[in-house]
Structures are given as structure tokens and as C-alpha cells.
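S.K.: Contents of protein24.txt (compact mmCIF, C-alpha atoms (C1' of nucleotides)) are below:
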# COMPACT_ATOMS: atom_id res chain seq x y z
CA MET A 1 0.00 0.00 0.00
CA GLU A 2 2.82 2.33 0.85
CA SER A 3 5.52 2.09 -1.81
CA CYS A 4 4.54 4.01 -4.95
CA GLU A 5 1.42 5.44 -3.34
CA HIS A 6 3.58 6.56 -0.49
CA ASP A 7 6.06 8.55 -2.57
CA LYS A 8 3.30 10.43 -4.26
CA ARG A 9 1.84 11.41 -0.95
CA LYS A 10 5.21 12.66 0.22
CA CYS A 11 5.47 15.25 -2.52
CA PRO A 12 2.09 15.63 -4.15
CA SER A 13 3.13 18.44 -6.42
CA HIS A 14 5.49 16.16 -8.37
CA LEU A 15 8.53 17.98 -7.01
CA SER A 16 11.23 15.83 -5.48
CA THR A 17 12.66 16.60 -2.07
CA THR A 18 15.83 18.03 -3.51
CA GLU A 19 13.88 20.17 -5.95
CA CYS A 20 11.82 21.56 -3.08
CA THR A 21 14.99 22.28 -1.14
CA LYS A 22 16.39 24.09 -4.15
CA GLN A 23 13.31 26.29 -4.37
CA LEU A 24 13.84 27.15 -0.73
CA LEU A 25 17.40 28.41 -1.11
CA PRO A 26 16.61 31.93 -2.34
CA VAL A 27 13.95 32.33 0.33
CA LYS A 28 16.44 31.29 2.97
CA ASP A 29 18.99 33.79 1.66
CA ALA A 30 16.42 36.56 1.77
CA LEU A 31 15.33 35.65 5.27
CA ASP A 32 18.94 35.59 6.44
CA ILE A 33 19.13 39.35 6.09
CA LEU A 34 15.46 40.33 6.49
CA SER A 35 14.13 38.22 9.30
CA GLY A 36 13.65 39.44 12.81
CA LYS A 37 11.23 41.73 14.48
CA TRP A 38 12.51 45.10 13.29
CA LYS A 39 14.35 44.99 9.96
CA LEU A 40 11.38 45.15 7.63
CA GLN A 41 9.70 47.79 9.76
CA ILE A 42 12.83 49.92 9.53
CA ILE A 43 13.00 49.42 5.79
CA LEU A 44 9.36 50.39 5.41
CA SER A 45 10.01 53.51 7.42
CA LEU A 46 12.88 54.37 5.08
CA THR A 47 10.78 53.84 1.96
CA PHE A 48 9.00 57.06 2.93
CA GLY A 49 12.28 58.93 2.63
CA LYS A 50 15.54 59.49 4.45
CA LYS A 51 15.27 59.54 8.21
CA ARG A 52 17.30 60.45 11.25
CA PHE A 53 18.10 57.98 14.02
CA LYS A 54 15.73 59.36 16.63
CA GLN A 55 13.01 59.84 14.06
CA ILE A 56 13.03 56.16 13.12
CA GLN A 57 12.97 55.27 16.78
CA ARG A 58 10.03 57.58 17.37
CA GLU A 59 8.07 56.02 14.52
CA ILE A 60 8.53 52.41 15.54
CA PRO A 61 7.00 51.82 18.96
CA GLY A 62 9.04 49.65 21.29
CA LEU A 63 12.25 49.93 19.29
CA THR A 64 15.17 50.63 21.62
CA PRO A 65 18.28 52.55 20.49
CA LYS A 66 20.39 49.46 21.04
CA MET A 67 18.34 47.36 18.64
CA LEU A 68 17.97 50.17 16.13
CA SER A 69 21.70 50.74 16.12
CA LYS A 70 22.38 47.04 15.61
CA GLU A 71 19.80 46.65 12.87
CA LEU A 72 20.97 49.72 10.97
CA LYS A 73 24.53 48.40 11.02
CA GLU A 74 23.34 45.13 9.52
CA LEU A 75 21.35 46.94 6.86
CA GLU A 76 24.49 48.91 5.99
CA ILE A 77 26.64 45.78 5.82
CA ASN A 78 24.13 44.21 3.45
CA GLU A 79 24.06 47.38 1.36
CA LEU A 80 20.35 47.95 1.85
CA ALA A 81 20.74 51.26 3.67
CA SER A 82 23.37 53.98 3.80
CA ARG A 83 24.42 56.32 6.57
CA HIS A 84 25.25 59.96 6.07
CA VAL A 85 26.80 62.18 8.72
CA TYR A 86 26.45 65.96 8.47
CA ASP A 87 28.83 68.28 10.23
CA THR A 88 26.25 70.20 12.21
CA LEU A 89 25.99 70.81 15.93
CA PRO A 90 24.70 68.58 17.31
CA VAL A 91 25.65 66.14 14.63
CA THR A 92 23.02 65.12 12.10
CA VAL A 93 22.92 61.53 10.87
CA GLU A 94 20.61 60.44 8.11
CA TYR A 95 19.79 56.97 6.89
CA GLU A 96 18.34 56.14 3.53
CA LEU A 97 17.69 53.14 1.37
CA THR A 98 20.34 52.38 -1.22
CA PRO A 99 19.17 51.68 -4.77
CA TYR A 100 19.53 48.02 -3.87
CA GLY A 101 17.43 48.53 -0.77
CA LYS A 102 14.77 50.10 -2.93
CA THR A 103 14.42 46.87 -4.87
CA LEU A 104 12.67 45.58 -1.75
CA LYS A 105 9.71 47.88 -2.36
CA PRO A 106 7.50 45.30 -4.13
CA LEU A 107 8.13 42.84 -1.31
CA ILE A 108 7.35 45.44 1.34
CA GLY A 109 4.28 46.36 -0.68
CA GLU A 110 2.99 42.79 -0.56
CA LEU A 111 3.77 42.55 3.12
CA HIS A 112 1.83 45.74 3.76
CA LYS A 113 -1.06 44.55 1.63
CA TRP A 114 -1.32 41.18 3.31
CA GLY A 115 -0.78 42.75 6.73
CA THR A 116 -3.65 45.15 6.16
CA LYS A 117 -6.07 42.33 5.40
CA HIS A 118 -4.71 40.26 8.25
CA ARG A 119 -5.06 43.17 10.65
CA LYS A 120 -8.72 43.55 9.74
CA ARG A 121 -9.19 39.85 10.32
CA ILE A 122 -7.65 39.76 13.77
CA ILE A 123 -9.33 42.96 14.87
CA ALA A 124 -12.70 41.59 13.73
CA ARG A 125 -12.17 38.46 15.82
CA GLY A 126 -10.90 40.41 18.82
CA MET B 1 4.64 70.40 18.90
CA GLU B 2 7.67 71.61 16.95
CA SER B 3 8.51 73.99 14.15
CA CYS B 4 7.59 73.40 10.53
CA GLU B 5 11.23 73.29 9.44
CA HIS B 6 11.98 70.65 11.98
CA ASP B 7 9.06 68.49 10.97
CA LYS B 8 10.18 68.48 7.36
CA ARG B 9 13.60 67.22 8.29
CA LYS B 10 12.13 64.56 10.48
CA CYS B 11 9.83 63.16 7.86
CA PRO B 12 10.95 64.28 4.40
CA SER B 13 8.16 62.52 2.60
CA HIS B 14 5.56 64.85 4.17
CA LEU B 15 4.26 62.08 6.42
CA SER B 16 4.07 62.90 10.11
CA THR B 17 5.53 60.58 12.72
CA THR B 18 2.14 59.27 13.74
CA GLU B 19 1.19 58.70 10.11
CA CYS B 20 4.36 56.68 9.58
CA THR B 21 3.64 54.67 12.69
CA LYS B 22 0.17 53.97 11.41
CA GLN B 23 1.55 52.67 8.10
CA LEU B 24 3.75 50.36 10.12
CA LEU B 25 0.95 48.69 12.05
CA PRO B 26 -0.15 46.18 9.41
CA VAL B 27 3.47 45.26 8.71
CA LYS B 28 4.04 44.68 12.39
CA ASP B 29 0.94 42.48 12.58
CA ALA B 30 2.14 40.42 9.64
CA LEU B 31 5.62 40.06 11.09
CA ASP B 32 4.18 38.96 14.42
CA ILE B 33 3.08 35.68 12.87
CA LEU B 34 5.52 35.34 9.97
CA SER B 35 8.89 36.41 11.29
CA GLY B 36 11.55 34.00 12.35
CA LYS B 37 13.92 31.72 10.54
CA TRP B 38 11.54 28.93 9.55
CA LYS B 39 7.93 29.97 9.17
CA LEU B 40 8.07 31.35 5.64
CA GLN B 41 10.21 28.45 4.49
CA ILE B 42 7.63 26.03 5.84
CA ILE B 43 4.84 27.95 4.16
CA LEU B 44 6.72 27.92 0.88
CA SER B 45 7.20 24.19 1.20
CA LEU B 46 3.44 23.80 1.72
CA THR B 47 2.61 25.93 -1.31
CA PHE B 48 3.83 22.98 -3.39
CA GLY B 49 1.13 20.80 -1.86
CA LYS B 50 0.28 18.96 1.31
CA LYS B 51 3.21 17.45 3.11
CA ARG B 52 3.99 15.04 5.88
CA PHE B 53 6.04 16.00 8.92
CA LYS B 54 9.22 14.18 7.99
CA GLN B 55 8.94 15.31 4.41
CA ILE B 56 8.96 18.96 5.43
CA GLN B 57 11.90 18.29 7.70
CA ARG B 58 13.77 16.57 4.89
CA GLU B 59 13.21 19.51 2.55
CA ILE B 60 14.37 22.23 4.88
CA PRO B 61 18.02 21.67 5.81
CA GLY B 62 18.84 22.27 9.46
CA LEU B 63 15.27 22.20 10.66
CA THR B 64 14.98 20.04 13.78
CA PRO B 65 11.77 18.18 14.69
CA LYS B 66 11.47 20.30 17.80
CA MET B 67 11.40 23.57 15.89
CA LEU B 68 9.22 22.18 13.13
CA SER B 69 6.71 20.93 15.65
CA LYS B 70 6.62 24.31 17.37
CA GLU B 71 6.31 26.28 14.15
CA LEU B 72 3.55 24.05 12.77
CA LYS B 73 1.55 24.54 15.96
CA GLU B 74 1.84 28.30 15.59
CA LEU B 75 0.79 28.12 11.96
CA GLU B 76 -2.24 26.10 13.04
CA ILE B 77 -3.15 28.58 15.78
CA ASN B 78 -3.00 31.40 13.27
CA GLU B 79 -5.11 29.40 10.83
CA LEU B 80 -2.49 29.40 8.11
CA ALA B 81 -2.04 25.64 8.06
CA SER B 82 -4.12 22.65 9.02
CA ARG B 83 -3.19 19.25 10.34
CA HIS B 84 -4.82 16.00 9.25
CA VAL B 85 -4.26 12.66 10.94
CA TYR B 86 -4.97 9.45 9.04
CA ASP B 87 -5.60 6.21 10.81
CA THR B 88 -2.87 4.19 9.13
CA LEU B 89 -0.10 2.18 10.67
CA PRO B 90 2.22 3.85 11.31
CA VAL B 91 0.11 6.97 11.61
CA THR B 92 0.10 9.42 8.72
CA VAL B 93 -0.06 13.14 9.43
CA GLU B 94 -0.43 15.67 6.68
CA TYR B 95 -0.13 19.41 6.80
CA GLU B 96 -1.54 21.78 4.25
CA LEU B 97 -2.15 25.46 3.80
CA THR B 98 -5.62 26.66 4.67
CA PRO B 99 -7.38 28.92 2.15
CA TYR B 100 -6.24 31.78 4.36
CA GLY B 101 -2.68 30.50 4.29
CA LYS B 102 -2.87 30.44 0.51
CA THR B 103 -3.46 34.19 0.47
CA LEU B 104 0.21 34.43 1.37
CA LYS B 105 1.24 33.18 -2.06
CA PRO B 106 1.83 36.60 -3.64
CA LEU B 107 3.98 37.58 -0.67
CA ILE B 108 5.95 34.34 -0.85
CA GLY B 109 6.27 34.91 -4.58
CA GLU B 110 7.87 38.31 -4.06
CA LEU B 111 10.14 36.91 -1.38
CA HIS B 112 11.26 34.17 -3.74
CA LYS B 113 11.75 36.64 -6.57
CA TRP B 114 13.81 39.05 -4.51
CA GLY B 115 15.70 36.18 -2.89
CA THR B 116 16.66 34.80 -6.26
CA LYS B 117 18.21 38.11 -7.37
CA HIS B 118 19.83 38.56 -3.99
CA ARG B 119 21.29 35.08 -4.11
CA LYS B 120 22.90 35.78 -7.48
CA ARG B 121 24.33 38.97 -6.04
CA ILE B 122 25.91 37.39 -2.99
CA ILE B 123 27.21 34.42 -4.90
CA ALA B 124 28.79 36.72 -7.47
CA ARG B 125 30.58 38.63 -4.72
CA GLY B 126 31.63 35.47 -2.90
C1' DG C 1 20.48 76.74 35.76
C1' DA C 2 17.50 72.81 34.67
C1' DT C 3 15.87 70.35 30.98
C1' DA C 4 15.59 68.40 26.30
C1' DT C 5 17.61 66.87 21.98
C1' DC C 6 21.15 64.65 19.09
C1' DG C 7 23.28 59.80 17.98
C1' DG C 8 24.34 56.62 19.91
C1' DT C 9 27.11 53.17 23.78
C1' DA C 10 27.34 50.32 28.22
C1' DT C 11 25.63 47.09 31.33
C1' DA C 12 22.73 43.73 32.99
C1' DC C 13 19.01 41.01 32.37
C1' DT C 14 15.18 37.86 30.41
C1' DT C 15 13.17 35.49 26.65
C1' DT C 16 13.29 33.23 22.46
C1' DT C 17 15.51 30.49 19.36
C1' DG C 18 18.16 26.89 18.07
C1' DG C 19 20.98 22.47 18.57
C1' DA C 20 22.23 17.80 20.09
C1' DT C 21 20.86 13.72 21.50
C1' DA C 22 17.96 10.29 22.91
C1' DC C 23 13.55 8.15 23.16
C1' DT C 24 8.64 6.30 22.29
C1' DA C 25 5.57 2.35 19.90
C1' DC C 26 4.80 0.36 15.81
C1' DT C 27 5.84 -1.58 11.11
C1' DA C 28 8.17 -2.72 7.05
C1' DT C 29 12.33 -4.15 4.85
C1' DG C 30 16.53 -6.82 4.37
C1' DC D 1 17.41 -10.15 14.19
C1' DA D 2 19.05 -5.47 12.86
C1' DT D 3 17.88 -1.41 10.64
C1' DA D 4 15.11 2.31 9.07
C1' DG D 5 11.01 5.04 8.81
C1' DT D 6 6.54 7.02 11.04
C1' DA D 7 5.34 11.66 14.13
C1' DG D 8 6.70 13.58 17.14
C1' DT D 9 8.32 14.54 22.72
C1' DA D 10 11.92 15.13 26.50
C1' DT D 11 15.95 16.97 28.25
C1' DC D 12 19.75 19.84 28.51
C1' DC D 13 22.45 23.39 26.97
C1' DA D 14 24.37 27.49 24.11
C1' DA D 15 23.60 31.43 21.47
C1' DA D 16 20.95 35.02 19.70
C1' DA D 17 17.45 38.32 20.19
C1' DG D 18 15.27 41.53 22.69
C1' DT D 19 14.32 44.71 27.02
C1' DA D 20 15.35 48.16 30.56
C1' DT D 21 17.86 51.60 32.20
C1' DA D 22 21.39 54.71 32.53
C1' DC D 23 24.82 57.46 30.50
C1' DC D 24 28.03 60.45 27.29
C1' DG D 25 29.38 65.50 25.42
C1' DA D 26 27.51 68.86 22.90
C1' DT D 27 24.13 72.55 22.22
C1' DA D 28 19.66 74.77 22.24
C1' DT D 29 15.61 75.92 24.83
C1' DC D 30 12.78 77.24 28.88
Write the structure described by the file as C-alpha cells, please.
M.R.:
Amino acid sequence: MESCEHDKRKCPSHLSTTECTKQLLPVKDALDILSGKWKLQIILSLTFGKKRFKQIQREIPGLTPKMLSKELKELEINELASRHVYDTLPVTVEYELTPYGKTLKPLIGELHKWGTKHRKRIIARG
Amino acid sequence: MESCEHDKRKCPSHLSTTECTKQLLPVKDALDILSGKWKLQIILSLTFGKKRFKQIQREIPGLTPKMLSKELKELEINELASRHVYDTLPVTVEYELTPYGKTLKPLIGELHKWGTKHRKRIIARG
DNA sequence: GATATCGGTATACTTTTGGATACTACTATG
DNA sequence: CATAGTAGTATCCAAAAGTATACCGATATC
């Protein structure tokens, strides 16, 4: 009962295990630099335009300076955001999305779209 | 609260802080149930069709049964996936996306698309 | 003179995540 | 009889993520 039958049940979409794993690789790579509680929120904030450190922190409730600092460094390392220091007093530091970071806009757009529907759903249910 | 000048610098895209925060809410809600290392990978795996526990584990390298079990429970709680037990020997358990879970497909699609480009980029750079 | 703002850092802590290994009861295969 | 696969759970531990709070030197504001 379980031999040929069985294999079909294991991967009903006619993809083999290794093919499925291969499909997962790009998603894993993306998640490696995007996952976590704050990164995509910060990126969304920056899609509205360049922002200063405290301004980002003010916009994202619960985000501590320590986490923001850490996340911004990682975004810089991955070339998604850039940091600009201006010689004012007190010093002005602005962050903005790099052109590469801007390629995330469609993804962020989908996330926002799905999130909006999901939010309605969970609010409706309490 | 503060001067006009100041407000412009703080939010260059003419969105106020509270407006930015409001835009962030749906994204935060989405991330609450999707963020983490495994959840979106599991969902992607299930977009190919219903899968059994061990099959999912086999497809996602590094995923331990403990984590998979935990993540699947959370997906169930959030009504993104469903669990079906069949009375075979040994027992057969299948997981599949709920209709609500399937609404994530466009998002997963964008993630896969961006991830594919990103993967090329990081492989090219070593 | 006290307070607030700027862009962070320092320290200490808790929670979550992840990892390794072993184990269950049962069956099918070799 | 030994091994492997089924769907997980149990235990212990390490590492990462996140939280809370305080602090810095500067300047601008009340």
C-alpha cells in the first residue's frame, strides 16, 4: 500500500525533495538578512524617505536605540541602507535606502497589503 | 509640537511621525506571525502541496523536529495551516495550507523573486 | 540653571531560538 | 534479528534576540 502510493503522498506536487529544497534556497537567503522583528519595519520607514536615528525610533513603537543601532549596522553591511553624517551641531545623521534597498519595495508592498487584510481579520475576531 | 522646518527634516516625505507609525501597524501584525527563521520556508514548502512531517523536515536543511513541531503549531493557531491525521499504521499526518494560508502566495512569490536576485548577487561577490 | 535633543554606547538582564541527542511504539524491509 | 522510517516529545544546553535603564558631550531651549 505504501511504496509508490507513499512517494506520491510525500510530494504531491510532483517535485522531489531536492527540488523543493532548491526552491527554498533563495527564500532562505532573503530571510537571512530580512528576518527578525525590526528589519522590515525599519526598511518600510525608510521607503518614505531618508530619516534620522531618533526619528526612526520615534516612529517604531518599542524599538530601543540598542536594537535600532544594531539593525541599521546590519542593513548597511548588506548594502540595503546607507548612513550619512552631516557636520552640524549637534551632529546630524541620516539613513536612507540604497538603490539596492529600494528593490525591496515590491516585497514590502505585498507585506503591507497582506498585513492590512490580516489586521482587519484579527481585529474583527478580537 | 515643533517647528515646521523641523518636521520636514524629520519626515521628508511629508508624512508625520504618527502617520508613519500607522503605516507600520499592518506590517508589524504580519511580522508577528511570519517572522523568524523557519515559518516562511515552511509555508513555501506547503505551497507545493500537502506534506507530511518528515517530508517537510527533509526539505528544509537544518530544521529540527522540535522547531518544526513548534512552528507548525503556531501556523495552526493562526489558521495558516491545518493538520490531518490518518488512521494508518504507522500513523500518517499531513499538513496543508488553509485557504487563508494560501493568500500568502503573492507575498511568498515576491520573497522568492527578490531572494533569487539577492542570491545571485551574494554568490557573485563570494 | 535645569531640561531636552542629538546619535548613539554600556551594562545587565530575560526570553526566544536553536541544537544535540535520545527516546517512544509500531511496522516494514533486508 | 538489525535497521530504518513514522510523528513527534523530553531533556539539557548554548547562542541570539530583545528589554530596561542609565549614560556620554555637545548645544539649544525654557
S.K.: Go ahead and align chain A to chain B (same sequence, so just pair every C-alpha in order, least squares) and export the moved chain as a PDB file with C-alpha atoms, in the frame of the given file.
M.R.:
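File written: out.pdb
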ATOM      1  CA  MET A   1      16.602  77.238  12.059  1.00  0.00           C
ATOM      2  CA  GLU A   2      15.037  74.194  13.605  1.00  0.00           C
ATOM      3  CA  SER A   3      11.339  74.824  14.201  1.00  0.00           C
ATOM      4  CA  CYS A   4       9.347  74.522  10.969  1.00  0.00           C
ATOM      5  CA  GLU A   5      12.354  73.320   8.997  1.00  0.00           C
ATOM      6  CA  HIS A   6      12.892  70.744  11.665  1.00  0.00           C
ATOM      7  CA  ASP A   7       9.423  69.202  11.496  1.00  0.00           C
ATOM      8  CA  LYS A   8       9.674  68.778   7.786  1.00  0.00           C
ATOM      9  CA  ARG A   9      12.932  66.959   8.139  1.00  0.00           C
ATOM     10  CA  LYS A  10      11.414  64.639  10.707  1.00  0.00           C
ATOM     11  CA  CYS A  11       8.808  63.306   8.316  1.00  0.00           C
ATOM     12  CA  PRO A  12       9.739  64.343   4.812  1.00  0.00           C
ATOM     13  CA  SER A  13       6.941  62.460   3.153  1.00  0.00           C
ATOM     14  CA  HIS A  14       4.308  64.723   4.739  1.00  0.00           C
ATOM     15  CA  LEU A  15       3.057  61.893   6.937  1.00  0.00           C
ATOM     16  CA  SER A  16       2.768  62.633  10.627  1.00  0.00           C
ATOM     17  CA  THR A  17       4.251  60.319  13.219  1.00  0.00           C
ATOM     18  CA  THR A  18       0.896  58.880  14.134  1.00  0.00           C
ATOM     19  CA  GLU A  19       0.021  58.330  10.491  1.00  0.00           C
ATOM     20  CA  CYS A  20       3.280  56.446   9.997  1.00  0.00           C
ATOM     21  CA  THR A  21       2.546  54.351  13.063  1.00  0.00           C
ATOM     22  CA  LYS A  22      -0.882  53.566  11.674  1.00  0.00           C
ATOM     23  CA  GLN A  23       0.620  52.365   8.407  1.00  0.00           C
ATOM     24  CA  LEU A  24       2.846  50.084  10.434  1.00  0.00           C
ATOM     25  CA  LEU A  25       0.050  48.305  12.285  1.00  0.00           C
ATOM     26  CA  PRO A  26      -0.894  45.795   9.576  1.00  0.00           C
ATOM     27  CA  VAL A  27       2.760  45.009   8.948  1.00  0.00           C
ATOM     28  CA  LYS A  28       3.261  44.377  12.636  1.00  0.00           C
ATOM     29  CA  ASP A  29       0.240  42.067  12.729  1.00  0.00           C
ATOM     30  CA  ALA A  30       1.567  40.115   9.776  1.00  0.00           C
ATOM     31  CA  LEU A  31       5.018  39.836  11.286  1.00  0.00           C
ATOM     32  CA  ASP A  32       3.545  38.636  14.572  1.00  0.00           C
ATOM     33  CA  ILE A  33       2.580  35.356  12.958  1.00  0.00           C
ATOM     34  CA  LEU A  34       5.115  35.144  10.109  1.00  0.00           C
ATOM     35  CA  SER A  35       8.396  36.258  11.563  1.00  0.00           C
ATOM     36  CA  GLY A  36      11.127  33.929  12.638  1.00  0.00           C
ATOM     37  CA  LYS A  37      13.589  31.777  10.850  1.00  0.00           C
ATOM     38  CA  TRP A  38      11.350  28.925   9.727  1.00  0.00           C
ATOM     39  CA  LYS A  39       7.695  29.886   9.277  1.00  0.00           C
ATOM     40  CA  LEU A  40       7.873  31.297   5.777  1.00  0.00           C
ATOM     41  CA  GLN A  41      10.141  28.490   4.633  1.00  0.00           C
ATOM     42  CA  ILE A  42       7.603  25.969   5.894  1.00  0.00           C
ATOM     43  CA  ILE A  43       4.791  27.810   4.170  1.00  0.00           C
ATOM     44  CA  LEU A  44       6.729  27.898   0.918  1.00  0.00           C
ATOM     45  CA  SER A  45       7.316  24.186   1.200  1.00  0.00           C
ATOM     46  CA  LEU A  46       3.575  23.670   1.639  1.00  0.00           C
ATOM     47  CA  THR A  47       2.707  25.806  -1.378  1.00  0.00           C
ATOM     48  CA  PHE A  48       4.089  22.946  -3.472  1.00  0.00           C
ATOM     49  CA  GLY A  49       1.440  20.652  -2.034  1.00  0.00           C
ATOM     50  CA  LYS A  50       0.583  18.726   1.099  1.00  0.00           C
ATOM     51  CA  LYS A  51       3.544  17.304   2.948  1.00  0.00           C
ATOM     52  CA  ARG A  52       4.340  14.872   5.713  1.00  0.00           C
ATOM     53  CA  PHE A  53       6.259  15.849   8.840  1.00  0.00           C
ATOM     54  CA  LYS A  54       9.528  14.143   7.982  1.00  0.00           C
ATOM     55  CA  GLN A  55       9.316  15.302   4.398  1.00  0.00           C
ATOM     56  CA  ILE A  56       9.174  18.957   5.423  1.00  0.00           C
ATOM     57  CA  GLN A  57      12.070  18.369   7.759  1.00  0.00           C
ATOM     58  CA  ARG A  58      14.065  16.728   4.993  1.00  0.00           C
ATOM     59  CA  GLU A  59      13.466  19.654   2.652  1.00  0.00           C
ATOM     60  CA  ILE A  60      14.483  22.398   5.044  1.00  0.00           C
ATOM     61  CA  PRO A  61      18.111  21.961   6.058  1.00  0.00           C
ATOM     62  CA  GLY A  62      18.850  22.561   9.717  1.00  0.00           C
ATOM     63  CA  LEU A  63      15.230  22.358  10.831  1.00  0.00           C
ATOM     64  CA  THR A  64      14.951  20.188  13.939  1.00  0.00           C
ATOM     65  CA  PRO A  65      11.789  18.204  14.777  1.00  0.00           C
ATOM     66  CA  LYS A  66      11.302  20.294  17.891  1.00  0.00           C
ATOM     67  CA  MET A  67      11.179  23.552  15.957  1.00  0.00           C
ATOM     68  CA  LEU A  68       9.120  22.075  13.144  1.00  0.00           C
ATOM     69  CA  SER A  69       6.595  20.735  15.608  1.00  0.00           C
ATOM     70  CA  LYS A  70       6.346  24.096  17.355  1.00  0.00           C
ATOM     71  CA  GLU A  71       6.051  26.069  14.141  1.00  0.00           C
ATOM     72  CA  LEU A  72       3.402  23.782  12.672  1.00  0.00           C
ATOM     73  CA  LYS A  73       1.325  24.152  15.829  1.00  0.00           C
ATOM     74  CA  GLU A  74       1.492  27.923  15.498  1.00  0.00           C
ATOM     75  CA  LEU A  75       0.532  27.761  11.843  1.00  0.00           C
ATOM     76  CA  GLU A  76      -2.464  25.626  12.825  1.00  0.00           C
ATOM     77  CA  ILE A  77      -3.507  28.018  15.589  1.00  0.00           C
ATOM     78  CA  ASN A  78      -3.390  30.892  13.118  1.00  0.00           C
ATOM     79  CA  GLU A  79      -5.387  28.865  10.604  1.00  0.00           C
ATOM     80  CA  LEU A  80      -2.696  28.994   7.946  1.00  0.00           C
ATOM     81  CA  ALA A  81      -2.110  25.243   7.856  1.00  0.00           C
ATOM     82  CA  SER A  82      -4.147  22.168   8.706  1.00  0.00           C
ATOM     83  CA  ARG A  83      -3.135  18.776  10.019  1.00  0.00           C
ATOM     84  CA  HIS A  84      -4.610  15.518   8.837  1.00  0.00           C
ATOM     85  CA  VAL A  85      -3.994  12.168  10.496  1.00  0.00           C
ATOM     86  CA  TYR A  86      -4.537   8.953   8.537  1.00  0.00           C
ATOM     87  CA  ASP A  87      -5.138   5.668  10.268  1.00  0.00           C
ATOM     88  CA  THR A  88      -2.284   3.766   8.688  1.00  0.00           C
ATOM     89  CA  LEU A  89       0.555   1.854  10.290  1.00  0.00           C
ATOM     90  CA  PRO A  90       2.765   3.614  11.037  1.00  0.00           C
ATOM     91  CA  VAL A  91       0.533   6.615  11.266  1.00  0.00           C
ATOM     92  CA  THR A  92       0.524   9.083   8.392  1.00  0.00           C
ATOM     93  CA  VAL A  93       0.231  12.795   9.132  1.00  0.00           C
ATOM     94  CA  GLU A  94      -0.147  15.343   6.393  1.00  0.00           C
ATOM     95  CA  TYR A  95       0.018  19.104   6.567  1.00  0.00           C
ATOM     96  CA  GLU A  96      -1.406  21.457   4.014  1.00  0.00           C
ATOM     97  CA  LEU A  97      -2.123  25.118   3.600  1.00  0.00           C
ATOM     98  CA  THR A  98      -5.655  26.198   4.414  1.00  0.00           C
ATOM     99  CA  PRO A  99      -7.423  28.444   1.906  1.00  0.00           C
ATOM    100  CA  TYR A 100      -6.422  31.302   4.179  1.00  0.00           C
ATOM    101  CA  GLY A 101      -2.830  30.128   4.148  1.00  0.00           C
ATOM    102  CA  LYS A 102      -2.946  30.139   0.381  1.00  0.00           C
ATOM    103  CA  THR A 103      -3.659  33.855   0.401  1.00  0.00           C
ATOM    104  CA  LEU A 104      -0.002  34.210   1.381  1.00  0.00           C
ATOM    105  CA  LYS A 105       1.117  33.041  -2.056  1.00  0.00           C
ATOM    106  CA  PRO A 106       1.640  36.525  -3.561  1.00  0.00           C
ATOM    107  CA  LEU A 107       3.705  37.511  -0.534  1.00  0.00           C
ATOM    108  CA  ILE A 108       5.780  34.341  -0.722  1.00  0.00           C
ATOM    109  CA  GLY A 109       6.136  34.973  -4.441  1.00  0.00           C
ATOM    110  CA  GLU A 110       7.618  38.417  -3.829  1.00  0.00           C
ATOM    111  CA  LEU A 111       9.881  37.051  -1.142  1.00  0.00           C
ATOM    112  CA  HIS A 112      11.126  34.378  -3.521  1.00  0.00           C
ATOM    113  CA  LYS A 113      11.610  36.905  -6.294  1.00  0.00           C
ATOM    114  CA  TRP A 114      13.549  39.342  -4.162  1.00  0.00           C
ATOM    115  CA  GLY A 115      15.495  36.506  -2.542  1.00  0.00           C
ATOM    116  CA  THR A 116      16.569  35.213  -5.933  1.00  0.00           C
ATOM    117  CA  LYS A 117      18.017  38.572  -6.936  1.00  0.00           C
ATOM    118  CA  HIS A 118      19.569  39.035  -3.525  1.00  0.00           C
ATOM    119  CA  ARG A 119      21.130  35.586  -3.667  1.00  0.00           C
ATOM    120  CA  LYS A 120      22.778  36.410  -6.980  1.00  0.00           C
ATOM    121  CA  ARG A 121      24.088  39.611  -5.467  1.00  0.00           C
ATOM    122  CA  ILE A 122      25.662  38.029  -2.417  1.00  0.00           C
ATOM    123  CA  ILE A 123      27.078  35.114  -4.359  1.00  0.00           C
ATOM    124  CA  ALA A 124      28.638  37.530  -6.861  1.00  0.00           C
ATOM    125  CA  ARG A 125      30.330  39.419  -4.030  1.00  0.00           C
ATOM    126  CA  GLY A 126      31.430  36.240  -2.270  1.00  0.00           C
TER     127      GLY A 126
END
S.K.: Using all atoms listed in the file, find the one residue out of A:Leu89, A:Lys22, A:Pro99, A:Trp114 that sits nearest to DA26 (chain D).
M.R.: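 Closest residue, counting all atoms listed in the file: A:Leu89.
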S.K.: Can you tell me how far CA of Glu59 (chain B) sits from CA of Thr18 (chain A), in Å to one decimal?
M.R.: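 We find that CA of Glu59 (chain B) and CA of Thr18 (chain A) lie 6.8 Å from each other.
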S.K.: Within 7 Å of chain D, which residues of chain B show up when using all atoms listed in the file, listed as an mmCIF file with C-alpha atoms, in the coordinates of the input?
M.R.:
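Below is the file that was written, result.cif:
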data_model
loop_
_atom_site.group_PDB
_atom_site.id
_atom_site.type_symbol
_atom_site.label_atom_id
_atom_site.label_comp_id
_atom_site.auth_asym_id
_atom_site.auth_seq_id
_atom_site.Cartn_x
_atom_site.Cartn_y
_atom_site.Cartn_z
ATOM 1 C CA PHE B 53 6.040 16.000 8.920
ATOM 2 C CA PRO B 90 2.220 3.850 11.310
ATOM 3 C CA VAL B 91 0.110 6.970 11.610
#
S.K.: For chain C, work out the contacting residues on chain B at 10 Å, counting only C-alpha atoms (C1' of nucleotides), and write them as a list in words.
M.R.: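 The complete set of qualifying residues is Gly36, Lys37, Gly62, Leu63, Thr64, Lys66, Met67, Leu89, Pro90 and Val91 of chain B.
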S.K.: Any idea which chain A residues end up within 9 Å of chain B if we count all atoms listed in the file, as a PyMOL selection string please?
M.R.: chain A and resi 9-15+17-32+35-38+40-41+44-45+48-52+54-56+58-61+103-104+106-120
S.K.: Mind pulling up the distance from CA of Lys39 (chain B) to CA of Glu71 (chain B)?
M.R.: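 Separating CA of Glu71 (chain B) from CA of Lys39 (chain B) is a distance of 6.4 Å.
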S.K.: For CA of Arg121 (chain A) and CA of Ile77 (chain B), quote the distance in Å rounded to one decimal.
M.R.: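 CA of Ile77 (chain B) lies 13.9 Å from CA of Arg121 (chain A).
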